[in-house]
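Report on the following structure.
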Amino acid sequence: MIKVRFAPSPTGYLHIGGARTALFNWMYARAQAGKFVLRIEDTDRQRSRQEFVDEILDSMRWLGLAWDELYYQSERFDVYRQRAQALLEQGKAYKDGDAVILKMPVEEIKIDDLIRGEIVFDTATIKDQVLMKSDGSPTYSFACVVDDAAMEITHVIRGEDHISNTPKQIMIYQALGLKPPKFAHLPLIMGDEGRLSKRTGAVAVSDYRKEGFLPEAIVNYLMLLGWSPGGNQEKVGLACAVKKFSIKKVNKAAAIFSMDKLKWLNGQYIKEMPAGKLTDLIIPFLKEKGYISADFDRERLEKIVDLFKVRMATLTDFLEWADFIFVDKLTVGGETRQQHLSHDRSKEFQLLSERISRLDTFDAASLEKAFRDLVAELGIQASELVHPVRVALTGKTIGPGLFDTMAILGKEKTVQRLQAAFL
RNA sequence: GACCCUGUCGUCUAGCCUGGUCAGGACACAAGCUUUUCAAGCUUGCAGCACGGGUUCAAAUCCCGUCAGGGUCACCA
């Protein structure tokens, strides 16, 4: 049975690049009916923090990447110490102060990378490697090799930045008398200007969550970076990806992260989501913003969400589009006011508010009829009144259809805002 | 600098292994349709095999070189 692992270090939040590595490992494990191990590499006690561990586990769960086994390297120091001691006794390593260092034999090392094919290294250019540091903690490569062997990892799937670590680690396997696993080095994810950084967008998975991205969209986008399901398919669910996934079809070239495409995908997932489910996801954002309290009108909220669904790219977009429904006092920007409310329409607004006040059913169809009758009587174009009214009601020049907007705003607020528009 | 990896539209990619379809799709961009605005949707357009040599009747595809980009050279992981 195959077994893979994702081994993040809790010295920071789960990075979007790390999430992609985790995802490919996870997909490979599921595709091969193998196991997926999560190993927290917290050997650096100074920089490792519990809050980062929590965040990493939380982000993994949120993305839907469940693990079969979980390990912490900080709990395994005895194992590393024993292995180092054995190498010392066998004369394969030597001491320098309290540090244990591996003698690097000179030889040619061949890696048969599952993605890149054969890679050849000459260890003559590689220095002796520190295995145990003076403070008694293992180095990354040593702990990594000891654990991958102990946990019976069959395939190491990791970022391209680890290619040059591979020959060093193979030498450690040899010294330990262990058989190395198979390796697959994934292409890196880059930003617009080199490394992926905050300039391109959020870096931590938890930040994407806060910004209103859906886990299925992130996972979908990430899998498309360096892999394709074929058949010109863009929207791919985890289950479908698992069926089609093949490590050999993973690309070799680094990919540049595109926030535009991620947002597009996120919007696609939002559009196809039932209003009820979407509402569930938006409620926490509304509560945090103070737009709704505990006893809000669920049915009405679902209608509002449904109205804005089609134009949202992220969940937080809703907060910006629909803010006028939740606030009591509307503020209209100076420029917008100048453009649409500088011409005095108080007479028309007054007539409109009188007409709609009399409506028994305050729905879009009735509102539209009342509105159109009025403009016909006044002998003006509908658009002459539509735009100023929208601005007066929403503070925006853009938004859903005006009659839907009025209906959802409700009679009271609509009339009140119409009458207050030119005061 | 040394070693290693990579190179198809602006971006993500299909095609490369097993040479021979106008190099296909998506995002973005532009135009049109629709329309009370913005979106969404539909239609159309723009745009690419890094360069130079080979091999071959035929090269994005196989080989070599050049150039460009990236990664690693820690008692960080």
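To be explicit about the labels: the chains of the structure tokens are called A, B, and onward in the order shown, and within each one the residues are counted from 1, while ligands get numbers from 1 in the order they are shown.
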What residues in segment 46-122 of chain A get the DSSP label alpha helix (DSSP H)? Please answer as a compact mmCIF listing (two decimals) with C-alpha atoms, in the first residue's frame.
```
# COMPACT_ATOMS: atom_id res chain seq x y z
CA GLN A 50 0.99 26.15 19.08
CA GLU A 51 -1.24 28.74 17.41
CA PHE A 52 0.32 27.87 14.07
CA VAL A 53 -0.23 24.15 14.67
CA ASP A 54 -3.89 24.89 15.40
CA GLU A 55 -4.21 27.05 12.34
CA ILE A 56 -2.62 24.45 10.08
CA LEU A 57 -4.87 21.65 11.32
CA ASP A 58 -7.90 23.91 11.07
CA SER A 59 -7.08 24.98 7.51
CA MET A 60 -6.49 21.39 6.45
CA ARG A 61 -9.88 20.37 7.81
CA TRP A 62 -11.53 23.37 6.21
CA LEU A 63 -10.07 22.46 2.83
CA PHE A 77 13.53 13.27 19.79
CA ASP A 78 14.51 9.96 21.43
CA VAL A 79 14.27 8.19 18.09
CA TYR A 80 16.50 10.70 16.33
CA ARG A 81 19.02 10.55 19.17
CA GLN A 82 19.17 6.75 19.00
CA ARG A 83 19.65 6.70 15.24
CA ALA A 84 22.41 9.29 15.44
CA GLN A 85 24.12 7.34 18.20
CA ALA A 86 24.05 4.20 16.07
CA LEU A 87 25.65 6.02 13.13
CA LEU A 88 28.32 7.32 15.50
CA GLU A 89 29.05 3.81 16.73
```
>> Please identify the strand (DSSP E or B) residues within segment 36-245 of chain A (assignment by DSSP from backbone atoms) and present them as number ranges by chain.
In response: A: 36-40, 69-72, 93-96, 99-102, 108-113, 117-122, 129-132, 138, 155-159, 182-186, 189-191, 194-195, 204
Output the selection as a PDB file, in the first residue's frame - C-alpha atoms for each residue.
```pdb
ATOM      1  CA  PHE A  36      -2.145  10.247   3.994  1.00  0.00           C
ATOM      2  CA  VAL A  37       0.045  11.200   6.941  1.00  0.00           C
ATOM      3  CA  LEU A  38       0.233  14.657   8.458  1.00  0.00           C
ATOM      4  CA  ARG A  39       3.499  15.292  10.245  1.00  0.00           C
ATOM      5  CA  ILE A  40       4.124  18.487  12.160  1.00  0.00           C
ATOM      6  CA  GLU A  69      -2.286   9.635  10.883  1.00  0.00           C
ATOM      7  CA  LEU A  70      -0.858  12.606  12.743  1.00  0.00           C
ATOM      8  CA  TYR A  71       2.641  12.930  14.229  1.00  0.00           C
ATOM      9  CA  TYR A  72       4.685  15.571  15.975  1.00  0.00           C
ATOM     10  CA  ALA A  93      29.137   9.900  11.529  1.00  0.00           C
ATOM     11  CA  TYR A  94      31.450  11.905  13.755  1.00  0.00           C
ATOM     12  CA  LYS A  95      31.089  14.450  16.515  1.00  0.00           C
ATOM     13  CA  ASP A  96      31.916  18.107  16.373  1.00  0.00           C
ATOM     14  CA  ALA A  99      26.789  17.994  17.087  1.00  0.00           C
ATOM     15  CA  VAL A 100      26.634  14.769  15.093  1.00  0.00           C
ATOM     16  CA  ILE A 101      27.783  15.018  11.511  1.00  0.00           C
ATOM     17  CA  LEU A 102      27.426  12.576   8.634  1.00  0.00           C
ATOM     18  CA  GLU A 108      27.046   9.572  -8.061  1.00  0.00           C
ATOM     19  CA  ILE A 109      23.422   9.591  -7.026  1.00  0.00           C
ATOM     20  CA  LYS A 110      20.529   9.023  -9.360  1.00  0.00           C
ATOM     21  CA  ILE A 111      17.001  10.007  -8.512  1.00  0.00           C
ATOM     22  CA  ASP A 112      14.170   8.715 -10.614  1.00  0.00           C
ATOM     23  CA  ASP A 113      11.730  11.548 -10.037  1.00  0.00           C
ATOM     24  CA  GLY A 117      12.539  11.711 -14.689  1.00  0.00           C
ATOM     25  CA  GLU A 118      16.156  10.999 -13.909  1.00  0.00           C
ATOM     26  CA  ILE A 119      18.186  13.586 -11.998  1.00  0.00           C
ATOM     27  CA  VAL A 120      21.874  12.971 -11.389  1.00  0.00           C
ATOM     28  CA  PHE A 121      23.972  14.447  -8.581  1.00  0.00           C
ATOM     29  CA  ASP A 122      27.623  14.165  -7.689  1.00  0.00           C
ATOM     30  CA  GLN A 129      25.737  17.040   6.758  1.00  0.00           C
ATOM     31  CA  VAL A 130      24.823  17.931  10.315  1.00  0.00           C
ATOM     32  CA  LEU A 131      22.426  15.315  11.688  1.00  0.00           C
ATOM     33  CA  MET A 132      22.019  16.421  15.285  1.00  0.00           C
ATOM     34  CA  PRO A 138      17.750  16.901  14.811  1.00  0.00           C
ATOM     35  CA  HIS A 155       6.226   8.362  -1.940  1.00  0.00           C
ATOM     36  CA  VAL A 156       7.620  11.744  -1.013  1.00  0.00           C
ATOM     37  CA  ILE A 157       5.700  14.380  -2.907  1.00  0.00           C
ATOM     38  CA  ARG A 158       6.979  17.865  -2.141  1.00  0.00           C
ATOM     39  CA  GLY A 159       7.987  21.173  -3.694  1.00  0.00           C
ATOM     40  CA  LYS A 182      10.088   7.314  -4.487  1.00  0.00           C
ATOM     41  CA  PHE A 183      10.273  11.042  -5.034  1.00  0.00           C
ATOM     42  CA  ALA A 184       8.062  13.453  -6.933  1.00  0.00           C
ATOM     43  CA  HIS A 185       8.923  17.140  -6.991  1.00  0.00           C
ATOM     44  CA  LEU A 186       6.065  19.496  -7.682  1.00  0.00           C
ATOM     45  CA  ILE A 189       3.773  28.461  -7.302  1.00  0.00           C
ATOM     46  CA  MET A 190       5.074  31.919  -8.066  1.00  0.00           C
ATOM     47  CA  GLY A 191       3.750  35.440  -7.722  1.00  0.00           C
ATOM     48  CA  GLY A 194       9.004  36.024  -8.485  1.00  0.00           C
ATOM     49  CA  ARG A 195       8.132  34.369  -5.217  1.00  0.00           C
ATOM     50  CA  ALA A 204      -2.233  32.113   4.321  1.00  0.00           C
TER      51      ALA A 204
END
```
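Compared by their closest atoms to U11 of chain B, and using only C-alpha atoms (C1' of nucleotides), the residues A:Asn251, A:Ser258, A:Gln90, A:Ser9 rank with A:Ser258 nearest.
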> Which one is closest to chain A: B:A31, B:A39, B:C16, B:A59? Count only C-alpha atoms (C1' of nucleotides).
Replying inline: B:A39
> Any idea which chain A residues end up within 6 Å of chain B if we count only C-alpha atoms (C1' of nucleotides), as an MDAnalysis selection string please?
Replying inline: chainID A and resid 133 140 161 164 232 253 261 310:311 383 386 398:399
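Of the residues listed (A:Lys103, A:Phe308, A:Leu224, A:Ala365), A:Phe308 shows the shortest atom-to-atom separation from Pro400 of chain A; distances use only C-alpha atoms.
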>> Measuring between only C-alpha atoms, which one of A:Gly290, A:Gly136, A:Gly237, A:Pro274 shows the shortest distance to Ile218 of chain A?
In response: A:Gly237
Do you know which residues are at most 9 Å from Ala19 of chain A counting only C-alpha atoms (C1' of nucleotides), after dropping those on the same chain fewer than 2 positions away, and could you put them as a PDB file with C-alpha atoms, in the first residue's frame?
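Final file, result_3.pdb:
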```
ATOM      1  CA  LEU A  14      -0.524  27.220   6.289  1.00  0.00           C
ATOM      2  CA  HIS A  15       0.764  28.804   3.115  1.00  0.00           C
ATOM      3  CA  ILE A  16      -1.216  28.531  -0.114  1.00  0.00           C
ATOM      4  CA  GLY A  17       1.787  26.735  -1.655  1.00  0.00           C
ATOM      5  CA  THR A  21       1.519  20.293  -1.772  1.00  0.00           C
ATOM      6  CA  ALA A  22      -0.881  18.840   0.800  1.00  0.00           C
ATOM      7  CA  LEU A  23      -3.606  18.614  -1.823  1.00  0.00           C
ATOM      8  CA  PHE A  24      -1.469  16.692  -4.321  1.00  0.00           C
ATOM      9  CA  SER A  59      -7.075  24.978   7.509  1.00  0.00           C
ATOM     10  CA  MET A  60      -6.488  21.386   6.454  1.00  0.00           C
ATOM     11  CA  LEU A  63     -10.069  22.459   2.828  1.00  0.00           C
ATOM     12  CA  VAL A 205      -5.139  29.778   3.667  1.00  0.00           C
ATOM     13  CA  VAL A 219      -8.893  23.349  -3.846  1.00  0.00           C
ATOM     14  CA  LEU A 222      -4.861  24.822  -6.654  1.00  0.00           C
TER      15      LEU A 222
END
```
>> Using only C-alpha atoms (C1' of nucleotides), which protein or nucleic acid residues come within 10 Å of Leu307 of chain A? Drop anything in the same chain fewer than 6 positions from it, and give the result as a list in words.
In response: Ala275, Leu301, Ala322, Gly399, Pro400, Gly401, Asp404, Thr405 and Ile408 of chain A
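Counting from atom CA of Asp328 of chain A, the distance to atom CA of Arg209 of chain A is 28.4 Å.
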Which residues, written as a PDB file with N, CA and C atoms, in the first residue's frame, have at least one atom at most 6 Å from Val242 of chain A, with only C-alpha atoms (C1' of nucleotides) counted and residues fewer than 2 positions away on the same chain left out?
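Wrote it out as result.pdb, contents follow:
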```
ATOM      1  N   MET A  27      -4.549  13.837  -2.856  1.00  0.00           N
ATOM      2  CA  MET A  27      -5.175  13.269  -4.060  1.00  0.00           C
ATOM      3  C   MET A  27      -4.489  11.967  -4.466  1.00  0.00           C
ATOM      4  N   ALA A  31      -6.332   8.497  -4.621  1.00  0.00           N
ATOM      5  CA  ALA A  31      -6.381   7.860  -5.945  1.00  0.00           C
ATOM      6  C   ALA A  31      -5.809   6.451  -5.907  1.00  0.00           C
ATOM      7  N   ALA A 239     -13.675  14.814  -5.571  1.00  0.00           N
ATOM      8  CA  ALA A 239     -13.985  13.413  -5.881  1.00  0.00           C
ATOM      9  C   ALA A 239     -13.636  13.090  -7.332  1.00  0.00           C
ATOM     10  N   CYS A 240     -13.979  13.998  -8.221  1.00  0.00           N
ATOM     11  CA  CYS A 240     -13.695  13.811  -9.641  1.00  0.00           C
ATOM     12  C   CYS A 240     -12.190  13.829  -9.893  1.00  0.00           C
ATOM     13  N   LYS A 244      -9.365  11.005 -11.598  1.00  0.00           N
ATOM     14  CA  LYS A 244      -8.538  11.256 -12.774  1.00  0.00           C
ATOM     15  C   LYS A 244      -7.073  11.509 -12.472  1.00  0.00           C
ATOM     16  N   PHE A 245      -6.752  11.656 -11.196  1.00  0.00           N
ATOM     17  CA  PHE A 245      -5.400  12.093 -10.854  1.00  0.00           C
ATOM     18  C   PHE A 245      -4.314  11.091 -11.209  1.00  0.00           C
TER      19      PHE A 245
END
```
> A:Ala175, A:Ile163, A:Ala29, A:Ile282: which is nearest Asp317 of chain A, counting only C-alpha atoms?
Replying inline: A:Ile282
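As for atom CA of Asp128 of chain A and atom CA of Ile170 of chain A, they are spaced 13.1 Å apart.
A straight line drawn from atom C1' of C49 of chain B to atom CA of His162 of chain A is 29.5 Å long.
Using only C-alpha atoms, the nearest neighbour of Ile172 of chain A within the list A:Gln233, A:Thr279, A:Thr139, A:Thr414 is A:Thr139.
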>> Quick one: residues within 8 Å of Val391 of chain A, only C-alpha atoms (C1' of nucleotides), excluding same-chain residues fewer than 5 positions away - as a list in words?
In response: Val332, Thr336, Arg337, His340, Leu341, Lys396 and Thr397 of chain A
Output for the residues just chosen: C-alpha atoms as a PDB file, in the first residue's frame:
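Contents of out23.pdb, freshly written:
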```pdb
ATOM      1  CA  VAL A 332     -24.256  58.664  -0.418  1.00  0.00           C
ATOM      2  CA  THR A 336     -22.455  59.809  -6.748  1.00  0.00           C
ATOM      3  CA  ARG A 337     -24.767  62.397  -5.229  1.00  0.00           C
ATOM      4  CA  HIS A 340     -27.513  61.479  -9.853  1.00  0.00           C
ATOM      5  CA  LEU A 341     -29.124  63.653  -7.222  1.00  0.00           C
ATOM      6  CA  LYS A 396     -24.854  53.050  -5.324  1.00  0.00           C
ATOM      7  CA  THR A 397     -25.175  53.443  -9.061  1.00  0.00           C
TER       8      THR A 397
END
```
